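Participant: You'll find model28.tsv just under this line, and it carries TSV, C-alpha atoms and all ligand atoms.
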```tsv
chain	number	residue	atom	x	y	z
A	1	MET	CA	47.83	-4.09	-39.27
A	2	SER	CA	47.17	-7.48	-37.69
A	3	LEU	CA	43.86	-9.26	-38.19
A	4	ALA	CA	42.98	-8.51	-34.57
A	5	GLN	CA	43.57	-4.79	-35.05
A	6	ARG	CA	41.53	-4.84	-38.22
A	7	LEU	CA	38.69	-6.65	-36.41
A	8	LEU	CA	38.72	-4.02	-33.67
A	9	ALA	CA	38.56	-1.33	-36.36
A	10	GLY	CA	35.37	-2.95	-37.69
A	11	ASP	CA	36.75	-4.84	-40.69
A	12	ARG	CA	34.27	-7.62	-41.57
A	13	ARG	CA	36.75	-9.58	-43.65
A	14	ALA	CA	39.18	-9.69	-40.75
A	15	LEU	CA	36.34	-10.95	-38.54
A	16	ALA	CA	35.43	-13.65	-41.07
A	17	ARG	CA	39.04	-14.80	-41.35
A	18	LEU	CA	39.54	-14.86	-37.59
A	19	LEU	CA	36.35	-16.89	-37.14
A	20	THR	CA	37.88	-19.52	-39.41
A	21	GLN	CA	41.19	-19.38	-37.53
A	22	VAL	CA	39.42	-19.83	-34.23
A	23	GLU	CA	37.31	-22.68	-35.57
A	24	ASN	CA	40.47	-24.44	-36.74
A	25	GLU	CA	42.28	-23.71	-33.47
A	26	THR	CA	45.28	-22.15	-35.19
A	27	ALA	CA	48.10	-20.38	-33.37
A	28	GLU	CA	47.20	-17.17	-35.19
A	29	GLY	CA	43.63	-17.49	-33.90
A	30	GLU	CA	44.84	-18.03	-30.33
A	31	ALA	CA	47.09	-14.97	-30.53
A	32	ALA	CA	44.26	-12.83	-31.90
A	33	LEU	CA	41.92	-13.99	-29.13
A	34	ALA	CA	44.46	-12.81	-26.56
A	35	ASP	CA	44.74	-9.43	-28.31
A	36	ILE	CA	41.01	-8.82	-28.53
A	37	PHE	CA	40.09	-10.13	-25.05
A	38	PRO	CA	40.34	-6.75	-23.29
A	39	HIS	CA	37.71	-5.48	-25.72
A	40	THR	CA	35.11	-8.12	-24.81
A	41	GLY	CA	32.38	-8.08	-22.17
A	42	ARG	CA	30.05	-5.57	-23.78
A	43	ALA	CA	27.70	-7.60	-25.97
A	44	HIS	CA	24.44	-9.10	-24.76
A	45	ILE	CA	24.76	-12.80	-25.53
A	46	ILE	CA	21.48	-14.54	-26.28
A	47	GLY	CA	21.17	-18.31	-26.67
A	48	ILE	CA	18.29	-19.70	-28.73
A	49	THR	CA	17.52	-23.37	-28.38
A	50	GLY	CA	14.66	-25.81	-28.98
A	51	ALA	CA	13.68	-28.70	-31.21
A	52	PRO	CA	14.52	-28.61	-34.92
A	53	GLY	CA	11.73	-26.91	-36.88
A	54	ALA	CA	10.41	-24.90	-33.93
A	55	GLY	CA	11.34	-21.75	-35.83
A	56	LYS	CA	14.58	-20.68	-34.14
A	57	SER	CA	16.25	-19.39	-37.29
A	58	THR	CA	13.11	-17.57	-38.42
A	59	LEU	CA	12.80	-16.10	-34.95
A	60	ALA	CA	16.46	-15.04	-34.87
A	61	THR	CA	15.92	-13.32	-38.22
A	62	ALA	CA	12.77	-11.54	-37.00
A	63	LEU	CA	14.54	-10.49	-33.80
A	64	ALA	CA	17.52	-9.21	-35.75
A	65	LYS	CA	15.31	-7.16	-38.07
A	66	ALA	CA	13.41	-5.58	-35.18
A	67	LEU	CA	16.60	-4.89	-33.24
A	68	ARG	CA	18.23	-3.34	-36.30
A	69	ALA	CA	15.33	-0.89	-36.44
A	70	THR	CA	16.39	0.34	-32.99
A	71	GLY	CA	19.95	0.89	-34.23
A	72	LYS	CA	21.52	-2.14	-32.55
A	73	THR	CA	24.05	-4.29	-34.40
A	74	ILE	CA	23.66	-8.06	-34.38
A	75	ALA	CA	25.78	-11.14	-34.92
A	76	ILE	CA	24.16	-14.55	-35.32
A	77	LEU	CA	26.06	-17.80	-34.78
A	78	ALA	CA	24.18	-20.89	-35.96
A	79	VAL	CA	25.62	-23.98	-34.33
A	80	ASP	CA	24.69	-27.51	-35.35
A	81	PRO	CA	26.05	-30.04	-32.89
A	82	THR	CA	24.03	-32.95	-34.23
A	83	SER	CA	25.41	-33.37	-37.68
A	84	PRO	CA	28.93	-33.55	-39.05
A	85	PHE	CA	27.59	-32.16	-42.33
A	86	THR	CA	26.95	-28.54	-43.17
A	87	GLY	CA	23.76	-29.86	-44.72
A	88	GLY	CA	20.13	-28.92	-45.05
A	89	ALA	CA	19.50	-27.10	-41.79
A	90	ILE	CA	22.22	-24.55	-42.27
A	91	LEU	CA	21.45	-24.14	-45.97
A	92	GLY	CA	17.84	-23.45	-45.01
A	93	ASP	CA	19.00	-20.90	-42.45
A	94	ARG	CA	20.99	-19.12	-45.12
A	95	ILE	CA	17.82	-18.72	-47.17
A	96	ARG	CA	15.71	-17.65	-44.18
A	97	MET	CA	18.30	-15.15	-43.09
A	98	ALA	CA	18.92	-13.85	-46.62
A	99	ASP	CA	16.83	-10.75	-45.85
A	100	LEU	CA	19.55	-9.65	-43.50
A	101	THR	CA	22.50	-9.98	-45.85
A	102	GLY	CA	23.91	-6.78	-47.19
A	103	ASP	CA	23.24	-4.98	-43.91
A	104	PRO	CA	26.63	-3.99	-42.43
A	105	GLY	CA	25.05	-4.06	-38.96
A	106	VAL	CA	24.41	-7.80	-39.20
A	107	PHE	CA	26.89	-10.68	-39.35
A	108	ILE	CA	25.76	-14.28	-39.78
A	109	ARG	CA	27.99	-17.29	-39.41
A	110	SER	CA	27.33	-21.01	-39.15
A	111	MET	CA	29.42	-23.60	-37.43
A	112	ALA	CA	28.96	-27.34	-37.75
A	113	THR	CA	30.30	-29.90	-35.38
A	114	ARG	CA	33.82	-31.09	-35.79
A	115	GLY	CA	34.97	-33.58	-33.23
A	116	SER	CA	33.73	-33.30	-29.69
A	117	LEU	CA	30.96	-31.23	-28.15
A	118	GLY	CA	33.66	-29.73	-25.94
A	119	GLY	CA	35.49	-28.53	-29.06
A	120	LEU	CA	32.30	-27.03	-30.40
A	121	SER	CA	31.54	-25.21	-27.16
A	122	ARG	CA	35.08	-23.83	-27.07
A	123	ALA	CA	34.88	-22.67	-30.69
A	124	SER	CA	31.46	-21.10	-30.06
A	125	ARG	CA	32.71	-19.26	-26.98
A	126	ASP	CA	35.69	-17.92	-28.90
A	127	ALA	CA	33.53	-16.91	-31.87
A	128	VAL	CA	31.24	-15.00	-29.50
A	129	ARG	CA	34.31	-13.16	-28.15
A	130	LEU	CA	35.30	-12.16	-31.67
A	131	PHE	CA	31.80	-10.76	-32.34
A	132	ASP	CA	31.80	-9.02	-28.96
A	133	ALA	CA	35.19	-7.36	-29.59
A	134	ALA	CA	34.11	-6.42	-33.12
A	135	GLY	CA	31.46	-4.29	-31.44
A	136	TYR	CA	28.20	-6.15	-32.11
A	137	ASP	CA	25.66	-5.09	-29.50
A	138	ILE	CA	23.86	-8.41	-29.54
A	139	VAL	CA	25.23	-11.87	-30.26
A	140	MET	CA	22.69	-14.63	-30.82
A	141	ILE	CA	23.72	-18.28	-30.72
A	142	GLU	CA	21.21	-20.65	-32.27
A	143	THR	CA	21.57	-24.36	-31.68
A	144	VAL	CA	19.54	-27.47	-32.35
A	145	GLY	CA	18.08	-28.96	-29.20
A	146	ALA	CA	20.16	-32.06	-28.73
A	147	GLY	CA	20.36	-32.61	-25.00
A	148	GLN	CA	23.80	-31.66	-23.84
A	149	SER	CA	24.07	-28.80	-26.33
A	150	GLU	CA	21.41	-26.74	-24.52
A	151	VAL	CA	23.48	-26.85	-21.40
A	152	GLU	CA	26.55	-25.89	-23.39
A	153	ILE	CA	24.68	-22.85	-24.69
A	154	ALA	CA	23.65	-21.86	-21.21
A	155	ARG	CA	27.33	-21.87	-20.35
A	156	ILE	CA	28.03	-19.22	-22.97
A	157	ALA	CA	24.83	-17.16	-23.13
A	158	GLN	CA	23.52	-14.58	-20.69
A	159	THR	CA	19.89	-14.90	-21.73
A	160	VAL	CA	18.59	-18.26	-22.94
A	161	LEU	CA	15.43	-18.49	-25.08
A	162	VAL	CA	13.82	-21.92	-25.27
A	163	VAL	CA	11.58	-22.14	-28.34
A	164	GLU	CA	8.63	-24.52	-28.56
A	165	ALA	CA	5.96	-24.88	-31.23
A	166	PRO	CA	2.37	-26.12	-30.97
A	167	GLY	CA	1.62	-29.66	-31.97
A	168	MET	CA	2.78	-31.37	-28.86
A	169	GLY	CA	-0.66	-30.79	-27.33
A	170	ASP	CA	-0.74	-31.79	-23.72
A	171	ASP	CA	2.10	-34.19	-24.19
A	172	ILE	CA	4.49	-32.55	-21.81
A	173	GLN	CA	6.90	-35.40	-22.44
A	174	ALA	CA	7.76	-33.52	-25.60
A	175	ILE	CA	9.65	-31.03	-23.52
A	176	LYS	CA	12.90	-32.62	-22.60
A	177	ALA	CA	13.58	-32.73	-18.92
A	178	GLY	CA	16.15	-30.16	-18.03
A	179	ILE	CA	15.48	-27.77	-20.87
A	180	LEU	CA	13.17	-25.63	-18.76
A	181	GLU	CA	15.89	-25.29	-16.17
A	182	ILE	CA	18.06	-23.34	-18.56
A	183	ALA	CA	15.26	-21.14	-19.98
A	184	ASP	CA	15.26	-17.46	-19.11
A	185	VAL	CA	12.45	-16.79	-21.58
A	186	LEU	CA	10.08	-19.44	-22.98
A	187	VAL	CA	8.86	-18.78	-26.49
A	188	VAL	CA	5.85	-20.50	-28.02
A	189	ASN	CA	6.43	-19.83	-31.70
A	190	LYS	CA	4.03	-20.65	-34.57
A	191	ALA	CA	1.23	-19.05	-32.60
A	192	ASP	CA	-0.71	-19.00	-35.89
A	193	ARG	CA	-0.98	-22.78	-35.71
A	194	PRO	CA	-3.72	-24.74	-33.96
A	195	GLY	CA	-2.94	-26.00	-30.49
A	196	VAL	CA	-1.17	-22.89	-29.18
A	197	ASP	CA	-3.32	-22.69	-26.09
A	198	ALA	CA	-2.65	-26.30	-25.18
A	199	THR	CA	1.08	-25.73	-25.58
A	200	LEU	CA	0.97	-22.56	-23.49
A	201	ARG	CA	-0.96	-24.39	-20.78
A	202	ALA	CA	1.43	-27.33	-20.80
A	203	LEU	CA	4.45	-25.06	-20.59
A	204	LYS	CA	3.04	-22.99	-17.76
A	205	LEU	CA	2.17	-26.14	-15.88
A	206	MET	CA	5.65	-27.53	-16.43
A	207	LEU	CA	7.08	-24.25	-15.25
A	208	GLU	CA	5.01	-24.30	-12.08
A	209	LEU	CA	5.95	-27.89	-11.36
A	210	GLY	CA	9.55	-27.60	-12.35
A	211	HIS	CA	10.72	-24.16	-11.42
A	212	PRO	CA	12.03	-24.13	-7.85
A	213	ALA	CA	11.08	-20.49	-7.25
A	214	LEU	CA	7.57	-20.90	-8.57
A	215	ARG	CA	7.13	-24.11	-6.67
A	216	ALA	CA	8.13	-22.33	-3.51
A	217	ASN	CA	5.64	-19.59	-4.37
A	218	ILE	CA	2.90	-22.09	-4.80
A	219	ASP	CA	3.76	-23.68	-1.50
A	220	GLY	CA	3.59	-20.24	0.05
A	221	HIS	CA	7.08	-20.51	1.53
A	222	HIS	CA	8.36	-17.15	0.41
A	223	GLY	CA	11.02	-17.17	3.05
A	224	ARG	CA	12.59	-20.22	1.49
A	225	LEU	CA	13.28	-18.54	-1.82
A	226	LEU	CA	16.62	-17.17	-0.78
A	227	ALA	CA	17.75	-20.53	0.49
A	228	ILE	CA	17.13	-22.28	-2.78
A	229	THR	CA	20.32	-23.32	-4.50
A	230	PRO	CA	20.52	-21.49	-7.80
A	231	GLN	CA	20.09	-23.61	-10.91
A	232	PRO	CA	22.91	-23.81	-13.47
A	233	GLU	CA	24.51	-20.62	-14.79
A	234	ALA	CA	21.41	-19.39	-16.57
A	235	HIS	CA	19.50	-19.08	-13.33
A	236	VAL	CA	21.85	-17.28	-11.04
A	237	ASN	CA	19.75	-15.14	-8.78
A	238	GLY	CA	22.22	-12.67	-7.34
A	239	ASP	CA	21.25	-11.05	-4.05
A	240	GLY	CA	18.23	-13.30	-3.90
A	241	ALA	CA	16.54	-11.39	-6.72
A	242	LEU	CA	14.21	-13.70	-8.51
A	243	TRP	CA	13.66	-14.19	-12.21
A	244	ILE	CA	10.67	-16.21	-13.26
A	245	PRO	CA	10.88	-17.09	-16.96
A	246	PRO	CA	8.06	-15.37	-18.85
A	247	VAL	CA	6.18	-17.30	-21.56
A	248	VAL	CA	5.91	-15.33	-24.82
A	249	GLN	CA	3.88	-16.20	-27.96
A	250	THR	CA	5.30	-15.36	-31.36
A	251	THR	CA	4.63	-15.89	-35.04
A	252	ALA	CA	8.10	-15.43	-36.42
A	253	THR	CA	6.99	-15.58	-40.05
A	254	THR	CA	4.79	-12.48	-39.63
A	255	ASN	CA	6.91	-10.76	-36.96
A	256	SER	CA	4.03	-11.03	-34.53
A	257	GLY	CA	4.93	-10.93	-30.82
A	258	ILE	CA	8.52	-9.97	-31.54
A	259	ASP	CA	8.21	-6.67	-29.67
A	260	VAL	CA	6.95	-8.51	-26.58
A	261	LEU	CA	9.84	-10.96	-26.88
A	262	ILE	CA	12.38	-8.15	-27.16
A	263	ASP	CA	10.84	-6.55	-24.09
A	264	ALA	CA	11.22	-9.84	-22.16
A	265	ILE	CA	14.85	-10.14	-23.29
A	266	ASP	CA	15.56	-6.53	-22.26
A	267	ARG	CA	13.92	-7.09	-18.89
A	268	HIS	CA	16.06	-10.16	-18.32
A	269	ARG	CA	19.21	-8.22	-19.14
A	270	ALA	CA	18.11	-5.41	-16.81
A	271	HIS	CA	17.40	-7.98	-14.10
A	272	LEU	CA	20.86	-9.51	-14.50
A	273	THR	CA	22.51	-6.11	-14.26
A	274	ALA	CA	20.43	-4.73	-11.40
A	275	SER	CA	20.67	-7.86	-9.23
A	276	GLY	CA	24.42	-8.25	-9.71
A	277	ALA	CA	23.72	-11.63	-11.30
A	278	LEU	CA	25.50	-10.67	-14.51
A	279	ALA	CA	28.84	-10.52	-12.71
A	280	THR	CA	28.08	-13.74	-10.81
A	281	LEU	CA	27.12	-15.44	-14.05
A	282	GLU	CA	30.31	-14.31	-15.75
A	283	SER	CA	32.45	-15.46	-12.86
A	284	ARG	CA	30.81	-18.91	-13.01
A	285	GLN	CA	31.30	-19.06	-16.75
A	286	ILE	CA	34.98	-18.18	-16.37
A	287	HIS	CA	35.26	-20.78	-13.62
A	288	THR	CA	33.85	-23.45	-15.95
A	289	GLU	CA	36.14	-22.37	-18.78
A	290	LEU	CA	39.25	-22.39	-16.60
A	291	ARG	CA	38.47	-25.89	-15.35
A	292	GLU	CA	37.96	-27.12	-18.91
A	293	ARG	CA	41.14	-25.50	-20.13
A	294	LEU	CA	43.15	-26.77	-17.16
A	295	ARG	CA	41.84	-30.28	-17.67
A	296	GLU	CA	42.86	-30.21	-21.31
A	297	LEU	CA	46.26	-28.69	-20.63
A	298	LEU	CA	47.19	-31.04	-17.81
A	299	LEU	CA	46.00	-34.11	-19.71
A	300	ARG	CA	47.97	-33.12	-22.79
A	301	ARG	CA	51.11	-32.46	-20.70
A	302	LEU	CA	50.78	-35.73	-18.85
A	303	LEU	CA	50.28	-37.75	-22.02
A	304	GLU	CA	53.26	-36.04	-23.66
A	305	ALA	CA	55.47	-36.81	-20.68
A	306	LEU	CA	54.61	-40.52	-20.59
A	307	PRO	CA	56.76	-43.10	-22.35
A	308	PRO	CA	55.20	-43.93	-25.73
A	309	ASP	CA	53.89	-47.38	-24.68
A	310	ALA	CA	52.72	-46.45	-21.20
A	311	LEU	CA	49.04	-46.18	-22.05
A	312	ASP	CA	48.99	-49.36	-24.16
A	313	ASP	CA	50.86	-51.23	-21.44
A	314	ALA	CA	48.37	-50.08	-18.85
A	315	ILE	CA	45.44	-51.16	-21.04
A	316	ALA	CA	46.97	-54.61	-21.54
A	317	ARG	CA	47.65	-55.04	-17.83
A	318	ILE	CA	44.10	-54.01	-16.97
A	319	GLN	CA	42.75	-56.46	-19.55
A	320	ARG	CA	44.85	-59.25	-18.01
A	321	ARG	CA	43.42	-58.23	-14.61
A	322	GLU	CA	46.95	-57.59	-13.32
A	323	THR	CA	45.90	-54.13	-12.20
A	324	THR	CA	42.78	-52.02	-11.95
A	325	PRO	CA	41.88	-48.88	-13.93
A	326	GLN	CA	42.10	-46.87	-10.70
A	327	ARG	CA	45.60	-48.10	-9.87
A	328	ALA	CA	46.75	-47.71	-13.46
A	329	VAL	CA	45.66	-44.06	-13.44
A	330	GLU	CA	47.49	-43.38	-10.19
A	331	LEU	CA	50.57	-44.93	-11.68
A	332	LEU	CA	50.30	-43.00	-14.97
A	333	ALA	CA	49.76	-39.77	-13.07
A	334	GLY	CA	52.92	-40.45	-11.09
A	335	GLU	CA	51.10	-40.70	-7.80
A	336	LYS	CA	52.13	-44.27	-7.02
A	337	GLU	CA	55.33	-46.22	-7.48
A	338	GLN	CA	55.11	-49.27	-9.70
A	339	GLY	CA	54.50	-52.37	-7.64
A	401	LIG	N1	3.32	-21.15	-39.52
A	401	LIG	C1	4.47	-20.75	-39.05
A	401	LIG	N2	5.61	-21.28	-39.56
A	401	LIG	C2	6.79	-20.85	-39.05
A	401	LIG	C3	6.88	-19.90	-38.01
A	401	LIG	N3	8.17	-19.72	-37.72
A	401	LIG	C4	8.88	-20.50	-38.53
A	401	LIG	N4	8.06	-21.20	-39.36
A	401	LIG	C5	8.43	-22.17	-40.39
A	401	LIG	O1	8.92	-23.36	-39.77
A	401	LIG	C6	9.95	-23.95	-40.54
A	401	LIG	C7	11.19	-24.16	-39.68
A	401	LIG	O2	11.71	-22.90	-39.29
A	401	LIG	P1	13.23	-22.70	-38.84
A	401	LIG	O3	13.35	-21.27	-38.48
A	401	LIG	O4	14.17	-23.24	-39.85
A	401	LIG	O5	13.28	-23.64	-37.54
A	401	LIG	P2	14.56	-24.10	-36.70
A	401	LIG	O6	14.92	-25.46	-37.15
A	401	LIG	O7	14.08	-24.10	-35.27
A	401	LIG	O8	15.65	-23.09	-36.92
A	401	LIG	C8	10.18	-23.02	-41.71
A	401	LIG	O9	9.50	-23.52	-42.82
A	401	LIG	C9	9.58	-21.70	-41.24
A	401	LIG	O10	9.13	-20.91	-42.31
A	401	LIG	C10	5.64	-19.34	-37.49
A	401	LIG	O11	5.62	-18.52	-36.58
A	401	LIG	N5	4.50	-19.82	-38.05
A	402	MG	MG	17.65	-23.29	-37.56
```
Could I get this file's structure written as structure tokens?
Ligand SMILES: Nc1nc2c(ncn2[C@@H]2O[C@H](COP(=O)(O)OP(=O)(O)O)[C@@H](O)[C@H]2O)c(=O)[nH]1
Ligand SMILES: [Mg+2]
Facilitator:
Amino acid sequence: MSLAQRLLAGDRRALARLLTQVENETAEGEAALADIFPHTGRAHIIGITGAPGAGKSTLATALAKALRATGKTIAILAVDPTSPFTGGAILGDRIRMADLTGDPGVFIRSMATRGSLGGLSRASRDAVRLFDAAGYDIVMIETVGAGQSEVEIARIAQTVLVVEAPGMGDDIQAIKAGILEIADVLVVNKADRPGVDATLRALKLMLELGHPALRANIDGHHGRLLAITPQPEAHVNGDGALWIPPVVQTTATTNSGIDVLIDAIDRHRAHLTASGALATLESRQIHTELRERLRELLLRRLLEALPPDALDDAIARIQRRETTPQRAVELLAGEKEQG
């Protein structure tokens, strides 16, 4: 039996080996991804993002435990785009998530950055497909909040949790611009710590100011809601149905608020399905992936077809101001004759 067949039959070792193949972009991994693709599209993919230390890993563990109690199976992918080392953060996660090891209904895997963010997002997407085909009901992707990576998560996930912790007080600067735009559920974790109310207030205020739908509500222009351009993937509002991100308080270390969070996640999934937004979201995600893959493929082909010195020659000519970058590109792409 091939590794792909073994994965589909529920073999954990085959899954682990294929995750490595996919991470290393091997031909065997590519072939397996093609074989398993028809078996994907079932899992609920949940992205978890937020600043380091907010409690994402603890929260993922608490969520996994509670979801296991309902019979669901869970895969967790911990992605660290900020550090080239599989250092402290991931080691800490291993310890936090140790409670879950030994349960055949849970699979935990970490992935550190190697090369570009684009490479990481591709590897994460493929890893999620492996988990999905292996039959996990829920796939969680945890990443460190590092700007671009949140957006990359939103491109893969169906439901995005943005996790904050008290301590920022009223300093709404602490919430990076743009992060609220990708949130489907806002989580204020460490609700046992002082300052929770201030954080909740700040978040709700940010939400009211920043969320186009809520802003429209406040303005009283209900009719305009349908005309609002949907935000990036995470906020597709199919058929005009509206999702306003709920704000949920949790204490991950004592499993407090986890049931409310699971309810919010379930409601978001139900919203996506009922509104038709799930299909719209998937079609946008495929669109993005195809563009990325096409870009890579065409660039690789073009570079392979060029004479070995073509790029260096172009650079030298640009540096001597004999040509411009624009003209050089047209020439390299074969769109203009040399002249
Ligand atoms: N007091 C308190 N500490 C928490 C809570 N959740 C997580 N922590 C602690 O916060 C630290 C960072 O948690 P971790 O899950 O690694 O955060 P991550 O970097 O966002 O994944 C750990 O020491 C956790 O035990 C919580 O709800 N309350
Ligand atoms: Mg973590």
Participant: Compute the set of protein, DNA and RNA residues whose minimum atom distance to ligand LIG 401 (chain A) is at most 10 Å, using only C-alpha atoms and all ligand atoms, and state it as JSON, numbers by chain.
Facilitator: {"A": [48, 49, 50, 51, 52, 53, 54, 55, 56, 57, 58, 59, 60, 61, 62, 78, 88, 89, 90, 91, 92, 93, 94, 95, 96, 97, 142, 143, 144, 145, 163, 164, 165, 166, 188, 189, 190, 191, 192, 193, 194, 249, 250, 251, 252, 253, 254, 255, 256, 257]}
Participant: For a quick check of understanding, using only C-alpha atoms and all ligand atoms, which of A:Leu294, A:Val79, A:Leu203, A:Ala279 has the smallest distance to ligand MG 402 (chain A)?
Facilitator: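 Going through A:Leu294, A:Val79, A:Leu203, A:Ala279 one by one, the smallest distance to ligand MG 402 (chain A) is for A:Val79.
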Participant: Which residue gives the smallest distance to ligand MG 402 (chain A) among A:Thr73, A:Ile141, A:Leu297, A:Lys204, with all atoms listed in the file counted?
Facilitator: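 Going through A:Thr73, A:Ile141, A:Leu297, A:Lys204 one by one, the smallest distance to ligand MG 402 (chain A) is for A:Ile141.
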Participant: Between A:Asp313, A:Met111, A:Ile45, A:Glu28, which residue has the minimum interatomic distance to ligand MG 402 (chain A), considering all atoms listed in the file?
Facilitator: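 Of A:Asp313, A:Met111, A:Ile45, A:Glu28, the one nearest ligand MG 402 (chain A) is A:Met111, counting all atoms listed in the file.
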Participant: Can you work out which one of A:Phe131, A:Ile286, A:Ser110, A:Ala328 has the shortest atom-to-atom distance to ligand MG 402 (chain A), counting only C-alpha atoms and all ligand atoms?
Facilitator: A:Ser110
Participant: Leaving out A:Gly105 and any residue of its chain fewer than 3 positions from it, which residues lie within 10 Å of it when counting all atoms listed in the file, given as an MDAnalysis selection string?
Facilitator: chainID A and resid 64 68 71:75 100:102 135:137
Participant: How far is it from atom CA of A:Leu15 to atom CA of A:Phe107, in Å with one decimal?
Facilitator: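 About the pair atom CA of A:Leu15 and atom CA of A:Phe107: they are 9.5 Å apart.
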Participant: Would you pick out the contacts of A:Leu19 at 10 Å or less, using only C-alpha atoms, so that residues sharing its chain but fewer than 3 positions from it are not included, and give the list as number ranges by chain?
Facilitator: A: 13-16, 22-25, 29, 109, 111, 123-124, 126-131
Participant: So, counting all atoms listed in the file, which residue among A:Ala134, A:Ala66, A:Val106, A:Ala27 is closest to A:Gly10?
Facilitator: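 Ranking A:Ala134, A:Ala66, A:Val106, A:Ala27 by distance to A:Gly10, first place goes to A:Ala134.
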Participant: Taking all atoms listed in the file into account, name the residue in A:Asp35, A:Asp11, A:Glu181, A:Asp80 that is nearest to ligand MG 402 (chain A).
Facilitator: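 Answer, going by the shortest atom-to-atom distance: A:Asp80.
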Participant: Distance atom CA of A:Gly41-atom CA of A:Thr288, one decimal place?
Facilitator: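 Here the two named atoms are 16.6 Å from each other.
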Participant: At most 10 Å is the cut-off: for each residue in stretch 269-317 of chain A with any atom that close to an atom of stretch 152-156 of chain A, write down the nearest atom pair and the distance in Å rounded to one decimal, counting all atoms listed in the file, chain first then increasing number, as a tab-separated table.
Facilitator:
```
residue	atom	partner	partner_atom	distance
A:Leu281	CA	A:Arg155	CA	9.0
A:Glu282	CA	A:Ile156	CA	9.0
A:Arg284	CA	A:Arg155	CA	8.6
A:Gln285	CA	A:Arg155	CA	6.1
A:Ile286	CA	A:Arg155	CA	9.4
A:Thr288	CA	A:Arg155	CA	8.0
A:Glu289	CA	A:Arg155	CA	9.0
```
Participant: How far is it from atom CA of A:Phe37 to atom CA of A:Leu8, in Å with one decimal?
Facilitator: 10.7 Å
Participant: Please write out, as AutoDock Vina command-line options, where the centre of an axis-aligned box around all listed atoms of stretch 263-278 of chain A lies and how long its edges are, in Å to one decimal, after adding 8 Å on each side.
Facilitator:
```
--center_x 18.2 --center_y -8.2 --center_z -16.7 --size_x 30.7 --size_y 22.9 --size_z 30.9
```
Participant: For the point (26.2, -13.9, -23.4) in the file's frame, write as a PyMOL selection string all residues with an atom no more than 7 Å away, counting all atoms listed in the file.
Facilitator: chain A and resi 43-46+156-159
